[in-house]
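Presented below is the structure to which this report refers.
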Amino acid sequence: YSAEEQTGDYLFKIVLIGDSAVGKSNLLARFARDEFYPNSKSTIGVEFQTQKIGINGKEIKAQIWDTAGQERFRAVTSAYYRGAVGALLVYDISRRQTFDSVGRWLNELHTHSDMNVVTILVGNKSDLKDAREVTTAEGKALAEAQGLFFMETSALDSSNVAGAFQTVVKEIYSILS
Ligand code: GDP
Ligand code: MG
């Protein structure tokens with residue numbers, strides 16, 4: 001792990017990956033700023049945002065990277081993944097196609113970063129109950145088969161958003177300590 005220790009604190013690089021429009025930028029906006037953009041376009045993406053998380057009395061800085069929409073062109077670069085120790089692999093529970101892409105994203109992640117990068121599979125938009133196309137059981141089963149953590153989230157109603165980021169950070173921390 002390439003965690004940097006700065007003045008006794010940790011800095012973990014975490015990347016957001018997954019198909020376009022699954023809610024990556026809004027998960028970060030909700031987690032870091034408690035904001036939500038109902039009609040967001042890829043332009044709201046920032047390069048990364050640093051968020052402090054307290055674990056066991058230690059202050060962890062999570063440097064969370066978001067794409068600027070380049071995943072539409074399958075052109076996420078190796079620089080994006082470089083040094084990442086955590087990943088949130090996001091799909092949209094209301095669009096099966098985004099769940100079908102998970103394998104491709106895992107391949108890309110493992111091509112460009114350490115095999116041991118702590119990864120959580122995130123089924124976002126859990127608020128869209130009537131439009132659901134991927135069951136919770138399917139998400140769980142895929143995560144178990146691939147050795148990933150799993151959570152369903154909603155950037156709209158905030159459910160499990162902090163939990164998903166914290167799960168990754170806690171696991172990285174426990175591996176290091
Ligand atoms: P990204 O391309 O993966 O970064 O996706 P965005 O964060 O830009 O979100 C794409 C669209 O989905 C936007 O219109 C968001 O408002 C919407 N969206 C994101 N998260 C949620 C969510 O949890 N629930 C619902 N209903 N819509 C969401
Ligand atoms: Mg985005």
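Identifiers in the structure tokens: chain A, B, ... in order shown; residue index from 1 per chain; ligand index from 1 in order shown.
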
Residues of stretch 22-84 of chain A that have any atom at most 10 Å from an atom of stretch 109-118 of chain A: could you tabulate them with the shortest-distance atom pair and the distance in Å to one decimal, using only C-alpha atoms, ordered by chain and increasing number, as CSV?
```
residue,atom,partner,partner_atom,distance
A:Thr77,CA,A:His112,CA,8.7
A:Ser78,CA,A:His112,CA,5.8
A:Ala79,CA,A:His112,CA,8.6
A:Tyr80,CA,A:His112,CA,8.8
A:Tyr81,CA,A:His112,CA,5.9
A:Arg82,CA,A:Ser113,CA,6.2
A:Gly83,CA,A:Ser113,CA,7.0
A:Ala84,CA,A:Ser113,CA,6.7
```

Residues just named, written with all heavy atoms as a PDB file, in the first residue's frame:
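What landed in part_37.pdb:
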```
ATOM      1  N   THR A  77      -7.856   7.206 -17.624  1.00  0.00           N
ATOM      2  CA  THR A  77      -6.426   6.965 -17.840  1.00  0.00           C
ATOM      3  C   THR A  77      -5.773   6.261 -16.658  1.00  0.00           C
ATOM      4  O   THR A  77      -6.317   6.242 -15.557  1.00  0.00           O
ATOM      5  CB  THR A  77      -5.682   8.293 -18.059  1.00  0.00           C
ATOM      6  OG1 THR A  77      -5.859   9.079 -16.877  1.00  0.00           O
ATOM      7  CG2 THR A  77      -6.223   9.037 -19.260  1.00  0.00           C
ATOM      8  N   SER A  78      -4.592   5.713 -16.893  1.00  0.00           N
ATOM      9  CA  SER A  78      -3.889   5.017 -15.816  1.00  0.00           C
ATOM     10  C   SER A  78      -3.513   5.973 -14.689  1.00  0.00           C
ATOM     11  O   SER A  78      -3.411   5.558 -13.536  1.00  0.00           O
ATOM     12  CB  SER A  78      -2.655   4.300 -16.359  1.00  0.00           C
ATOM     13  OG  SER A  78      -1.851   5.197 -17.066  1.00  0.00           O
ATOM     14  N   ALA A  79      -3.341   7.264 -15.002  1.00  0.00           N
ATOM     15  CA  ALA A  79      -3.016   8.240 -13.953  1.00  0.00           C
ATOM     16  C   ALA A  79      -4.131   8.322 -12.916  1.00  0.00           C
ATOM     17  O   ALA A  79      -3.885   8.563 -11.733  1.00  0.00           O
ATOM     18  CB  ALA A  79      -2.778   9.617 -14.567  1.00  0.00           C
ATOM     19  N   TYR A  80      -5.349   8.107 -13.382  1.00  0.00           N
ATOM     20  CA  TYR A  80      -6.512   8.155 -12.483  1.00  0.00           C
ATOM     21  C   TYR A  80      -6.392   7.080 -11.400  1.00  0.00           C
ATOM     22  O   TYR A  80      -6.732   7.311 -10.241  1.00  0.00           O
ATOM     23  CB  TYR A  80      -7.781   7.958 -13.306  1.00  0.00           C
ATOM     24  CG  TYR A  80      -9.075   8.114 -12.531  1.00  0.00           C
ATOM     25  CD1 TYR A  80      -9.525   9.369 -12.126  1.00  0.00           C
ATOM     26  CD2 TYR A  80      -9.856   7.005 -12.203  1.00  0.00           C
ATOM     27  CE1 TYR A  80     -10.695   9.516 -11.422  1.00  0.00           C
ATOM     28  CE2 TYR A  80     -11.046   7.147 -11.499  1.00  0.00           C
ATOM     29  CZ  TYR A  80     -11.457   8.392 -11.115  1.00  0.00           C
ATOM     30  OH  TYR A  80     -12.624   8.549 -10.416  1.00  0.00           O
ATOM     31  N   TYR A  81      -5.915   5.903 -11.800  1.00  0.00           N
ATOM     32  CA  TYR A  81      -5.836   4.762 -10.878  1.00  0.00           C
ATOM     33  C   TYR A  81      -4.548   4.735 -10.058  1.00  0.00           C
ATOM     34  O   TYR A  81      -4.480   4.049  -9.044  1.00  0.00           O
ATOM     35  CB  TYR A  81      -5.904   3.458 -11.675  1.00  0.00           C
ATOM     36  CG  TYR A  81      -7.225   3.213 -12.361  1.00  0.00           C
ATOM     37  CD1 TYR A  81      -7.400   3.520 -13.707  1.00  0.00           C
ATOM     38  CD2 TYR A  81      -8.297   2.670 -11.673  1.00  0.00           C
ATOM     39  CE1 TYR A  81      -8.606   3.286 -14.343  1.00  0.00           C
ATOM     40  CE2 TYR A  81      -9.507   2.426 -12.294  1.00  0.00           C
ATOM     41  CZ  TYR A  81      -9.654   2.738 -13.627  1.00  0.00           C
ATOM     42  OH  TYR A  81     -10.850   2.510 -14.252  1.00  0.00           O
ATOM     43  N   ARG A  82      -3.525   5.447 -10.522  1.00  0.00           N
ATOM     44  CA  ARG A  82      -2.193   5.308  -9.922  1.00  0.00           C
ATOM     45  C   ARG A  82      -2.186   5.632  -8.429  1.00  0.00           C
ATOM     46  O   ARG A  82      -2.649   6.693  -8.026  1.00  0.00           O
ATOM     47  CB  ARG A  82      -1.200   6.217 -10.662  1.00  0.00           C
ATOM     48  CG  ARG A  82       0.259   5.934 -10.296  1.00  0.00           C
ATOM     49  CD  ARG A  82       1.195   6.646 -11.277  1.00  0.00           C
ATOM     50  NE  ARG A  82       0.922   6.248 -12.646  1.00  0.00           N
ATOM     51  CZ  ARG A  82       0.779   7.103 -13.675  1.00  0.00           C
ATOM     52  NH1 ARG A  82       0.875   8.398 -13.479  1.00  0.00           N
ATOM     53  NH2 ARG A  82       0.529   6.639 -14.886  1.00  0.00           N
ATOM     54  N   GLY A  83      -1.718   4.682  -7.638  1.00  0.00           N
ATOM     55  CA  GLY A  83      -1.596   4.908  -6.200  1.00  0.00           C
ATOM     56  C   GLY A  83      -2.885   4.702  -5.416  1.00  0.00           C
ATOM     57  O   GLY A  83      -2.917   4.896  -4.200  1.00  0.00           O
ATOM     58  N   ALA A  84      -3.959   4.288  -6.107  1.00  0.00           N
ATOM     59  CA  ALA A  84      -5.231   4.088  -5.404  1.00  0.00           C
ATOM     60  C   ALA A  84      -5.131   2.890  -4.465  1.00  0.00           C
ATOM     61  O   ALA A  84      -4.592   1.840  -4.825  1.00  0.00           O
ATOM     62  CB  ALA A  84      -6.361   3.880  -6.402  1.00  0.00           C
TER      63      ALA A  84
END
```

Can you pull out every residue with an atom within 12 Å of ligand 2? Use only C-alpha atoms and all ligand atoms and format it as a count of residues only. 35

Please identify the helix (DSSP H, G or I) residues within chain A (assignment by DSSP from backbone atoms) and present them as a PyMOL selection string. chain A and resi 24-33+42-44+70-73+78-81+96-100+102-112+129-131+136-146+161-176

Using only C-alpha atoms, can you tell me which of A:Ala75, A:Ala32, A:Leu121, A:Leu176 comes closest to A:Phe12?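 The shortest atom-to-atom distance to A:Phe12 comes from A:Leu176.
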
What is the distance between atom CA of A:Phe149 and atom CA of A:Ser101, in Å to one decimal?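 Atom-to-atom, atom CA of A:Phe149 to atom CA of A:Ser101, that is 17.2 Å.
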
Could you state the separation of atom CA of A:Met151 and atom CA of A:Thr50 in Å, given to one decimal place?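 Answer for the atom CA of A:Met151 to atom CA of A:Thr50 separation: 21.9 Å.
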
May I have the residues within 6 Å of A:Ala131 as a count of residues only, using only C-alpha atoms and disregarding those fewer than 2 positions away in the same chain? 3

Considering only C-alpha atoms, return as an MDAnalysis selection string whatever protein or nucleic-acid residues lie within 9 Å of stretch 161-175 of chain A, sequence-local ones (same chain, fewer than 3 positions apart) excluded. chainID A and resid 1 10 12 14 27:28 30:31 53 55 60 62 85:88 117:122 149:155 158

From A:Leu142, A:Val134, A:Leu89, A:Leu148, residue lying nearest ligand 1 [only C-alpha atoms and all ligand atoms]: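 That would be A:Leu89, the residue with the smallest distance to ligand 1.
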
Pick from A:Asp100, A:Asp34, A:Glu59, A:Asp92 nearest to ligand 1, counting only C-alpha atoms and all ligand atoms: A:Asp92

At a cut-off of 8 Å, using only C-alpha atoms, what residues contact A:Ile93? Leave out same-chain residues fewer than 6 positions from it and give the result as a list in words.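 Answer for this query is Phe99, Gly123, Asn124, Lys125, Ser126, Leu128, Arg132, Glu133, Val134 and Thr135 of chain A.
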
One number please: atom CA of A:Ala143 to atom CA of A:Arg74, in Å, one decimal.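 Here the two named atoms are 22.7 Å from each other.
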
When you count only C-alpha atoms and all ligand atoms, which of these residues is closest to ligand 1: A:Lys13, A:Arg95, A:Lys58, A:Lys52?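 For ligand 1, the nearest of the candidates is A:Arg95.
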
List every residue of chain A that DSSP, applied to the backbone, labels as strand (DSSP E or B), and write the result as a PyMOL selection string. chain A and resi 4-6+9-17+48-55+58-65+86-92+118-124+149-152

Include C-alpha atoms and write out the residues we just selected as a short mmCIF file (atom, residue, chain, number, x, y, z; two decimals), in the first residue's frame.
```cif
data_model
loop_
_atom_site.label_atom_id
_atom_site.label_comp_id
_atom_site.auth_asym_id
_atom_site.auth_seq_id
_atom_site.Cartn_x
_atom_site.Cartn_y
_atom_site.Cartn_z
CA GLU A 4 1.48 8.36 2.82
CA GLU A 5 2.01 9.20 6.40
CA GLN A 6 1.97 12.92 7.00
CA ASP A 9 -2.03 10.97 9.71
CA TYR A 10 -2.90 8.85 6.75
CA LEU A 11 -3.81 9.87 3.21
CA PHE A 12 -5.69 7.24 1.20
CA LYS A 13 -6.41 7.67 -2.49
CA ILE A 14 -9.83 6.27 -3.37
CA VAL A 15 -11.25 6.21 -6.90
CA LEU A 16 -14.85 6.31 -8.09
CA ILE A 17 -15.48 4.10 -11.11
CA PHE A 48 -10.55 14.98 -6.35
CA GLN A 49 -11.88 16.04 -2.99
CA THR A 50 -10.19 15.41 0.33
CA GLN A 51 -12.40 14.38 3.22
CA LYS A 52 -11.34 13.79 6.82
CA ILE A 53 -12.59 10.63 8.50
CA GLY A 54 -11.92 9.73 12.13
CA ILE A 55 -11.12 6.08 12.89
CA LYS A 58 -6.77 8.69 14.09
CA GLU A 59 -7.53 11.27 11.47
CA ILE A 60 -7.64 9.70 8.04
CA LYS A 61 -7.68 11.86 4.94
CA ALA A 62 -9.54 10.23 2.10
CA GLN A 63 -8.54 11.74 -1.22
CA ILE A 64 -11.51 10.76 -3.36
CA TRP A 65 -11.08 10.95 -7.13
CA GLY A 86 -9.52 1.96 -2.39
CA ALA A 87 -12.30 1.99 -4.97
CA LEU A 88 -16.05 2.44 -5.11
CA LEU A 89 -17.36 0.56 -8.15
CA VAL A 90 -20.79 2.05 -8.74
CA TYR A 91 -23.76 0.82 -10.78
CA ASP A 92 -27.34 2.07 -10.98
CA VAL A 118 -10.00 -2.39 -1.24
CA THR A 119 -13.17 -2.30 -3.32
CA ILE A 120 -16.84 -1.90 -2.51
CA LEU A 121 -19.54 -2.64 -5.06
CA VAL A 122 -22.15 0.11 -4.75
CA GLY A 123 -25.69 -0.22 -6.09
CA ASN A 124 -26.75 3.43 -6.21
CA PHE A 149 -17.76 -5.31 -0.02
CA PHE A 150 -21.33 -4.41 -0.99
CA MET A 151 -23.86 -1.71 -0.19
CA GLU A 152 -26.86 -0.11 -1.83
#
```

Determine the nearest neighbour of ligand 1 from the options A:Glu35, A:Glu108, A:Glu144, A:Glu138, counting only C-alpha atoms and all ligand atoms.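 Nearest candidate to ligand 1 out of A:Glu35, A:Glu108, A:Glu144, A:Glu138: A:Glu35.
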
Among the residues A:Asn160, A:Gln146, A:Asn56, A:Gln97, the one that comes closest to ligand 1 [using only C-alpha atoms and all ligand atoms]: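 Of A:Asn160, A:Gln146, A:Asn56, A:Gln97, the one nearest ligand 1 is A:Asn160, counting only C-alpha atoms and all ligand atoms.
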